[in-house]
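Data block below; observations after.
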Amino acid sequence: MERCLVALSGTGTKENDFQICYEKISSQNCCPKIIIFYSDYDDLWYYAKQLKEKFPEATSIGCSTCMNFCTEGYSEKGFSMMAIFSGVECSSGLIYEVSRHPKNYSQHIRDALKSLTSTDNTCCLEFTTSGFRCEELVLDTFEELLHGTNIKVAGSTAGSNINEKTSLVALNGDIFVETCAFIFIHNLEGKIQLYRENLFRPTAHQLRITDVACDEQRVYEFENRPAAEVLCNLLNVDKEHLLATLKTNPIGRIEGDSILISEAKEVMPDDSIIYYTRLYNMTRVVLLEQDHFESVWDETARHMKKLLPNPSFSIAVHCISRTRLIKSQNKFDDFSNRLCSILGKYIGVSGYGEQIMYNNLNQSMVLICFE
C-alpha cells in the first residue's frame, strides 16, 4: 500500500471531477486517515459532502482555492485531493468568529491536542476564510495555546477566483465562513520541515512605519511622511500607478534575518495604504524588487535537499498574487515541474495569505514537507 496518493481533475463538471479523483484514491481499497482537498468556491460544498460519504472514517479538511496544483498537474477549475493512508495520527477542530473572538474557542484547540499521543514531529495545518482581517488574531490564539510545544504551524487564507472576501473552509463534510479549520498531523515516520520562499529581494531602501491603524491594516506614514508619497518618490512613479508598481515592489517586514512580505491592497486618497497583513508602529520594512525566478527556485531545491532529501509527501501554500505573477511570465509549468522534483507527492493551494509559525505573509510560498 502506498502511504500517500494525489489526484486532480479539472473537467469543469464537479461530478466527473470527483469520480476521477475518487477512483484513483479508492484503488488502495482502504480508507485514508487524512484527506486534504481544494476546489473552486462554488463546488467546495459538493466535494466536502462526497468525501464524507465515501470516506466516513477519514478526517477531511480543505478550502477554496484560485488554482489547483499538485504532482498531477494544475487547473484553474475542478478538484484536487491528497489522501494519506499510513504513518500519521491526527486530530482536528474549528475556530469560529475569527474576526471577533477566536480566543473564545481555545478549548477546541486544547481538545484536539489531548487526542495526540505526542507533539513531537507534529504540525498544525490551518485554513482560514478570507476578508475578515483575522489571520493575526487566529495566529495569536494558536500561539497562546501552543507555546511551549514544538508544534509547527502553517497554512493558508482560503482563496477563490471571485474576490478576497469570498472563500470557504471545510472540515469533515461541512463548509464554513468566518472560520478557521485546523488539523494536527503527527508524523510517525520522521520529521516535518517548513520552508518559506520569496521571489523578491531587498533593495537598499529601508523605512520605519511611524503612523499606522493596526486593525485597519492601514499605514499612514513612513518616516513621518505620507506613505504613498514616500513610495512614489522611491519608485519614481505617480500615485495613479503606485498600486500596480507595488505588485512587483512590495514591502517586507524585517524580523531578524527574515523578510516577511506584505502586499498593498489599496492606495487611499489621503496617501495612506491599506495592506493585506497587519502592520505595527515602528516596524522596520524594506522595499523589495523582483528576483530571478530560476535562481530562487534553484536555491529552494538545494535547501530542501539538505533539509529533507527524500520527502514522503508535501503541502505547498501559495499566494494568489504570486500565482498570477508566475503565470503572467509563462513560467507556471516550470514552477510546477520543479516542485515535483523536490517535494515528492504534493498538493498546493493558492489563497489570499500564507501563514508560517505565527506570521501572516503575502506573495510567498510556504512548504510543509513530511519525511
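Please note that chains go A, B, ... in the order of the C-alpha cells, that every chain numbers its residues from 1, and that ligands are numbered from 1 in the order shown.
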If you take only C-alpha atoms and a cut-off of 7 Å, which residues of stretch 134-185 of chain A touch stretch 27-49 of chain A, and what are their nearest atom pairs and distances in Å to one decimal, in chain and number order, as a tab-separated table?
```
residue	atom	partner	partner_atom	distance
A:Ser160	CA	A:Tyr41	CA	5.8
A:Ser167	CA	A:Tyr41	CA	6.3
A:Leu168	CA	A:Tyr41	CA	6.8
A:Ala170	CA	A:Ala48	CA	6.6
A:Asn172	CA	A:Ala48	CA	7.0
A:Gly173	CA	A:Ala48	CA	4.5
A:Asp174	CA	A:Ala48	CA	6.3
A:Ile175	CA	A:Trp45	CA	6.0
```
As a ChimeraX atom specification, which residues of stretch 105-278 of chain A does DSSP assign to strand (DSSP E or B)? /A:122-128,152-157,169-171,174-176,179-187,192-198,200-213,218-222,225-226,251-255,258-262,264-267,273-275
Write the residues you've just listed into a file as a PDB file, in the first residue's frame, and include C-alpha atoms for each of them.
```pdb
ATOM      1  CA  THR A 122       3.761  17.410  14.620  1.00  0.00           C
ATOM      2  CA  CYS A 123       2.377  20.271  12.566  1.00  0.00           C
ATOM      3  CA  CYS A 124      -0.816  22.290  12.708  1.00  0.00           C
ATOM      4  CA  LEU A 125      -2.242  22.828   9.230  1.00  0.00           C
ATOM      5  CA  GLU A 126      -4.847  25.610   9.277  1.00  0.00           C
ATOM      6  CA  PHE A 127      -7.145  27.180   6.692  1.00  0.00           C
ATOM      7  CA  THR A 128      -8.870  30.488   7.459  1.00  0.00           C
ATOM      8  CA  LYS A 152       4.981  23.740  13.668  1.00  0.00           C
ATOM      9  CA  VAL A 153       2.131  25.943  12.413  1.00  0.00           C
ATOM     10  CA  ALA A 154       1.486  26.668   8.727  1.00  0.00           C
ATOM     11  CA  GLY A 155      -1.462  27.245   6.461  1.00  0.00           C
ATOM     12  CA  SER A 156      -3.399  29.422   4.064  1.00  0.00           C
ATOM     13  CA  THR A 157      -6.024  32.091   3.880  1.00  0.00           C
ATOM     14  CA  VAL A 169     -13.114  26.259   4.524  1.00  0.00           C
ATOM     15  CA  ALA A 170     -14.304  22.690   5.023  1.00  0.00           C
ATOM     16  CA  LEU A 171     -13.991  20.052   7.724  1.00  0.00           C
ATOM     17  CA  ASP A 174     -19.339  20.686   6.222  1.00  0.00           C
ATOM     18  CA  ILE A 175     -18.311  24.101   4.893  1.00  0.00           C
ATOM     19  CA  PHE A 176     -17.845  27.316   6.879  1.00  0.00           C
ATOM     20  CA  THR A 179     -13.967  30.200  10.485  1.00  0.00           C
ATOM     21  CA  CYS A 180     -10.568  28.552  10.780  1.00  0.00           C
ATOM     22  CA  ALA A 181     -10.428  24.791  10.175  1.00  0.00           C
ATOM     23  CA  PHE A 182      -7.310  23.111  11.560  1.00  0.00           C
ATOM     24  CA  ILE A 183      -5.743  19.687  11.812  1.00  0.00           C
ATOM     25  CA  PHE A 184      -2.828  18.482  13.906  1.00  0.00           C
ATOM     26  CA  ILE A 185      -0.779  15.939  11.953  1.00  0.00           C
ATOM     27  CA  HIS A 186       1.699  13.832  13.901  1.00  0.00           C
ATOM     28  CA  ASN A 187       4.205  12.195  11.563  1.00  0.00           C
ATOM     29  CA  ILE A 192       8.358  17.665   9.387  1.00  0.00           C
ATOM     30  CA  GLN A 193      10.142  20.640   7.817  1.00  0.00           C
ATOM     31  CA  LEU A 194       8.801  24.092   6.980  1.00  0.00           C
ATOM     32  CA  TYR A 195      10.305  26.393   4.373  1.00  0.00           C
ATOM     33  CA  ARG A 196       9.383  29.850   3.060  1.00  0.00           C
ATOM     34  CA  GLU A 197      10.305  31.058  -0.426  1.00  0.00           C
ATOM     35  CA  ASN A 198      10.394  34.692  -1.611  1.00  0.00           C
ATOM     36  CA  PHE A 200      11.608  39.236  -4.187  1.00  0.00           C
ATOM     37  CA  ARG A 201      14.938  40.517  -2.899  1.00  0.00           C
ATOM     38  CA  PRO A 202      15.632  43.599  -0.734  1.00  0.00           C
ATOM     39  CA  THR A 203      16.674  46.933  -2.197  1.00  0.00           C
ATOM     40  CA  ALA A 204      18.756  49.494  -0.317  1.00  0.00           C
ATOM     41  CA  HIS A 205      15.610  51.363   0.787  1.00  0.00           C
ATOM     42  CA  GLN A 206      14.705  50.686   4.410  1.00  0.00           C
ATOM     43  CA  LEU A 207      11.864  52.521   6.116  1.00  0.00           C
ATOM     44  CA  ARG A 208      10.189  52.693   9.504  1.00  0.00           C
ATOM     45  CA  ILE A 209       6.417  52.802   9.911  1.00  0.00           C
ATOM     46  CA  THR A 210       5.607  55.858  12.014  1.00  0.00           C
ATOM     47  CA  ASP A 211       1.803  56.043  11.843  1.00  0.00           C
ATOM     48  CA  VAL A 212      -0.497  53.058  11.408  1.00  0.00           C
ATOM     49  CA  ALA A 213      -4.019  51.878  12.181  1.00  0.00           C
ATOM     50  CA  ARG A 218      -3.588  50.820   7.121  1.00  0.00           C
ATOM     51  CA  VAL A 219      -0.237  52.621   7.035  1.00  0.00           C
ATOM     52  CA  TYR A 220      -0.462  56.412   7.130  1.00  0.00           C
ATOM     53  CA  GLU A 221       3.214  57.308   7.315  1.00  0.00           C
ATOM     54  CA  PHE A 222       6.699  56.024   6.622  1.00  0.00           C
ATOM     55  CA  ARG A 225       5.760  61.389   5.778  1.00  0.00           C
ATOM     56  CA  PRO A 226       2.632  60.266   3.868  1.00  0.00           C
ATOM     57  CA  ILE A 251       7.454  45.916   1.255  1.00  0.00           C
ATOM     58  CA  GLY A 252       8.995  43.299   3.527  1.00  0.00           C
ATOM     59  CA  ARG A 253       8.882  43.387   7.312  1.00  0.00           C
ATOM     60  CA  ILE A 254      12.349  42.857   8.745  1.00  0.00           C
ATOM     61  CA  GLU A 255      12.388  40.290  11.562  1.00  0.00           C
ATOM     62  CA  SER A 258      13.795  37.072   7.745  1.00  0.00           C
ATOM     63  CA  ILE A 259      11.894  39.284   5.324  1.00  0.00           C
ATOM     64  CA  LEU A 260       8.126  38.824   5.601  1.00  0.00           C
ATOM     65  CA  ILE A 261       6.233  40.261   2.630  1.00  0.00           C
ATOM     66  CA  SER A 262       3.154  42.479   2.974  1.00  0.00           C
ATOM     67  CA  ALA A 264      -0.578  46.536  -0.740  1.00  0.00           C
ATOM     68  CA  LYS A 265      -4.333  46.235  -1.246  1.00  0.00           C
ATOM     69  CA  GLU A 266      -5.380  49.842  -1.857  1.00  0.00           C
ATOM     70  CA  VAL A 267      -3.865  53.319  -2.103  1.00  0.00           C
ATOM     71  CA  ILE A 273      -2.013  52.494   2.058  1.00  0.00           C
ATOM     72  CA  ILE A 274      -4.122  49.510   3.131  1.00  0.00           C
ATOM     73  CA  TYR A 275      -2.278  46.156   3.247  1.00  0.00           C
TER      74      TYR A 275
END
```
Looking only at alpha helix (DSSP H) from DSSP on the backbone, list the matching residues of stretch 149-263 of chain A as a ChimeraX atom specification. /A:227-235,242-246
Can you pull out the residues contacting A:Glu2? Cut-off 10 Å, using only C-alpha atoms, and skip same-chain residues under 3 positions away; I want them as an mmCIF file with C-alpha atoms, in the first residue's frame.
```
data_model
loop_
_atom_site.group_PDB
_atom_site.id
_atom_site.type_symbol
_atom_site.label_atom_id
_atom_site.label_comp_id
_atom_site.auth_asym_id
_atom_site.auth_seq_id
_atom_site.Cartn_x
_atom_site.Cartn_y
_atom_site.Cartn_z
ATOM 1 C CA LEU A 5 -1.845 9.369 -3.208
ATOM 2 C CA GLN A 28 -5.938 1.382 -2.342
ATOM 3 C CA ALA A 83 -5.048 11.031 0.716
ATOM 4 C CA ILE A 84 -2.657 9.944 3.477
ATOM 5 C CA PHE A 85 -3.088 6.282 4.385
ATOM 6 C CA SER A 86 -0.443 5.464 6.972
#
```
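Taking only C-alpha atoms into account, A:Phe370 lies nearest to A:Ser314 out of the set A:Ser314, A:Ser336, A:Ser92, A:Thr13.
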Contact residues around A:Gly10 with only C-alpha atoms at 9 Å, ignoring same-chain residues under 4 positions, as a list in words: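 Residues meeting the cut-off are Lys14, Asn16, Asp17, Asn68, Tyr74, Ser75, Glu76, Lys77, Gly78, Phe79 and Ser80 of chain A.
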Write out the residues from the selection above, keeping N, CA and C atoms, as a PDB file, in the first residue's frame.
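Dumped to result_34.pdb:
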```
ATOM      1  N   LYS A  14     -18.387  18.972 -11.819  1.00  0.00           N
ATOM      2  CA  LYS A  14     -17.997  18.531 -10.482  1.00  0.00           C
ATOM      3  C   LYS A  14     -18.183  17.039 -10.288  1.00  0.00           C
ATOM      4  N   ASN A  16     -17.947  14.646 -12.563  1.00  0.00           N
ATOM      5  CA  ASN A  16     -16.848  13.958 -13.253  1.00  0.00           C
ATOM      6  C   ASN A  16     -15.542  14.118 -12.499  1.00  0.00           C
ATOM      7  N   ASP A  17     -15.286  15.342 -12.044  1.00  0.00           N
ATOM      8  CA  ASP A  17     -14.024  15.597 -11.355  1.00  0.00           C
ATOM      9  C   ASP A  17     -13.913  14.780 -10.082  1.00  0.00           C
ATOM     10  N   ASN A  68      -5.865  24.823  -8.509  1.00  0.00           N
ATOM     11  CA  ASN A  68      -5.403  23.532  -8.014  1.00  0.00           C
ATOM     12  C   ASN A  68      -4.071  23.227  -8.682  1.00  0.00           C
ATOM     13  N   TYR A  74      -1.876  21.004 -12.965  1.00  0.00           N
ATOM     14  CA  TYR A  74      -2.587  22.140 -12.378  1.00  0.00           C
ATOM     15  C   TYR A  74      -3.802  22.496 -13.219  1.00  0.00           C
ATOM     16  N   SER A  75      -4.775  23.158 -12.571  1.00  0.00           N
ATOM     17  CA  SER A  75      -6.014  23.536 -13.231  1.00  0.00           C
ATOM     18  C   SER A  75      -6.666  24.668 -12.451  1.00  0.00           C
ATOM     19  N   GLU A  76      -7.262  25.616 -13.163  1.00  0.00           N
ATOM     20  CA  GLU A  76      -7.957  26.711 -12.502  1.00  0.00           C
ATOM     21  C   GLU A  76      -9.363  26.306 -12.068  1.00  0.00           C
ATOM     22  N   LYS A  77      -9.831  25.163 -12.515  1.00  0.00           N
ATOM     23  CA  LYS A  77     -11.137  24.658 -12.114  1.00  0.00           C
ATOM     24  C   LYS A  77     -10.990  23.244 -11.574  1.00  0.00           C
ATOM     25  N   GLY A  78     -12.066  22.757 -10.979  1.00  0.00           N
ATOM     26  CA  GLY A  78     -12.076  21.359 -10.587  1.00  0.00           C
ATOM     27  C   GLY A  78     -11.669  21.105  -9.161  1.00  0.00           C
ATOM     28  N   PHE A  79     -10.992  19.984  -8.964  1.00  0.00           N
ATOM     29  CA  PHE A  79     -10.849  19.388  -7.638  1.00  0.00           C
ATOM     30  C   PHE A  79      -9.495  18.713  -7.528  1.00  0.00           C
ATOM     31  N   SER A  80      -8.842  18.903  -6.409  1.00  0.00           N
ATOM     32  CA  SER A  80      -7.608  18.166  -6.128  1.00  0.00           C
ATOM     33  C   SER A  80      -7.673  17.637  -4.707  1.00  0.00           C
TER      34      SER A  80
END
```
Write out as a PDB file with N, CA and C atoms, in the first residue's frame the residues lying within 10 Å of A:His303, counting only C-alpha atoms and excluding same-chain residues fewer than 5 positions away.
```pdb
ATOM      1  N   TYR A 195       9.412  25.519   5.133  1.00  0.00           N
ATOM      2  CA  TYR A 195      10.305  26.393   4.373  1.00  0.00           C
ATOM      3  C   TYR A 195       9.480  27.495   3.733  1.00  0.00           C
ATOM      4  N   TRP A 297      14.343  29.401  -7.406  1.00  0.00           N
ATOM      5  CA  TRP A 297      13.884  28.012  -7.415  1.00  0.00           C
ATOM      6  C   TRP A 297      15.051  27.043  -7.275  1.00  0.00           C
ATOM      7  N   ASP A 298      16.193  27.380  -7.869  1.00  0.00           N
ATOM      8  CA  ASP A 298      17.385  26.540  -7.701  1.00  0.00           C
ATOM      9  C   ASP A 298      17.825  26.506  -6.239  1.00  0.00           C
ATOM     10  N   LEU A 308      15.482  17.830   3.791  1.00  0.00           N
ATOM     11  CA  LEU A 308      14.720  16.589   3.702  1.00  0.00           C
ATOM     12  C   LEU A 308      14.977  15.964   2.336  1.00  0.00           C
ATOM     13  N   PRO A 309      16.019  15.147   2.223  1.00  0.00           N
ATOM     14  CA  PRO A 309      16.409  14.624   0.900  1.00  0.00           C
ATOM     15  C   PRO A 309      15.321  13.793   0.220  1.00  0.00           C
ATOM     16  N   ILE A 342      11.273  18.113  -6.127  1.00  0.00           N
ATOM     17  CA  ILE A 342      11.850  18.260  -4.784  1.00  0.00           C
ATOM     18  C   ILE A 342      10.901  17.897  -3.652  1.00  0.00           C
TER      19      ILE A 342
END
```
What's around stretch 114-117 of chain A at 8 Å? Count only C-alpha atoms, leave out sequence neighbours fewer than 5 positions away in its own chain, and write the answer as a ChimeraX atom specification. /A:89-91,186
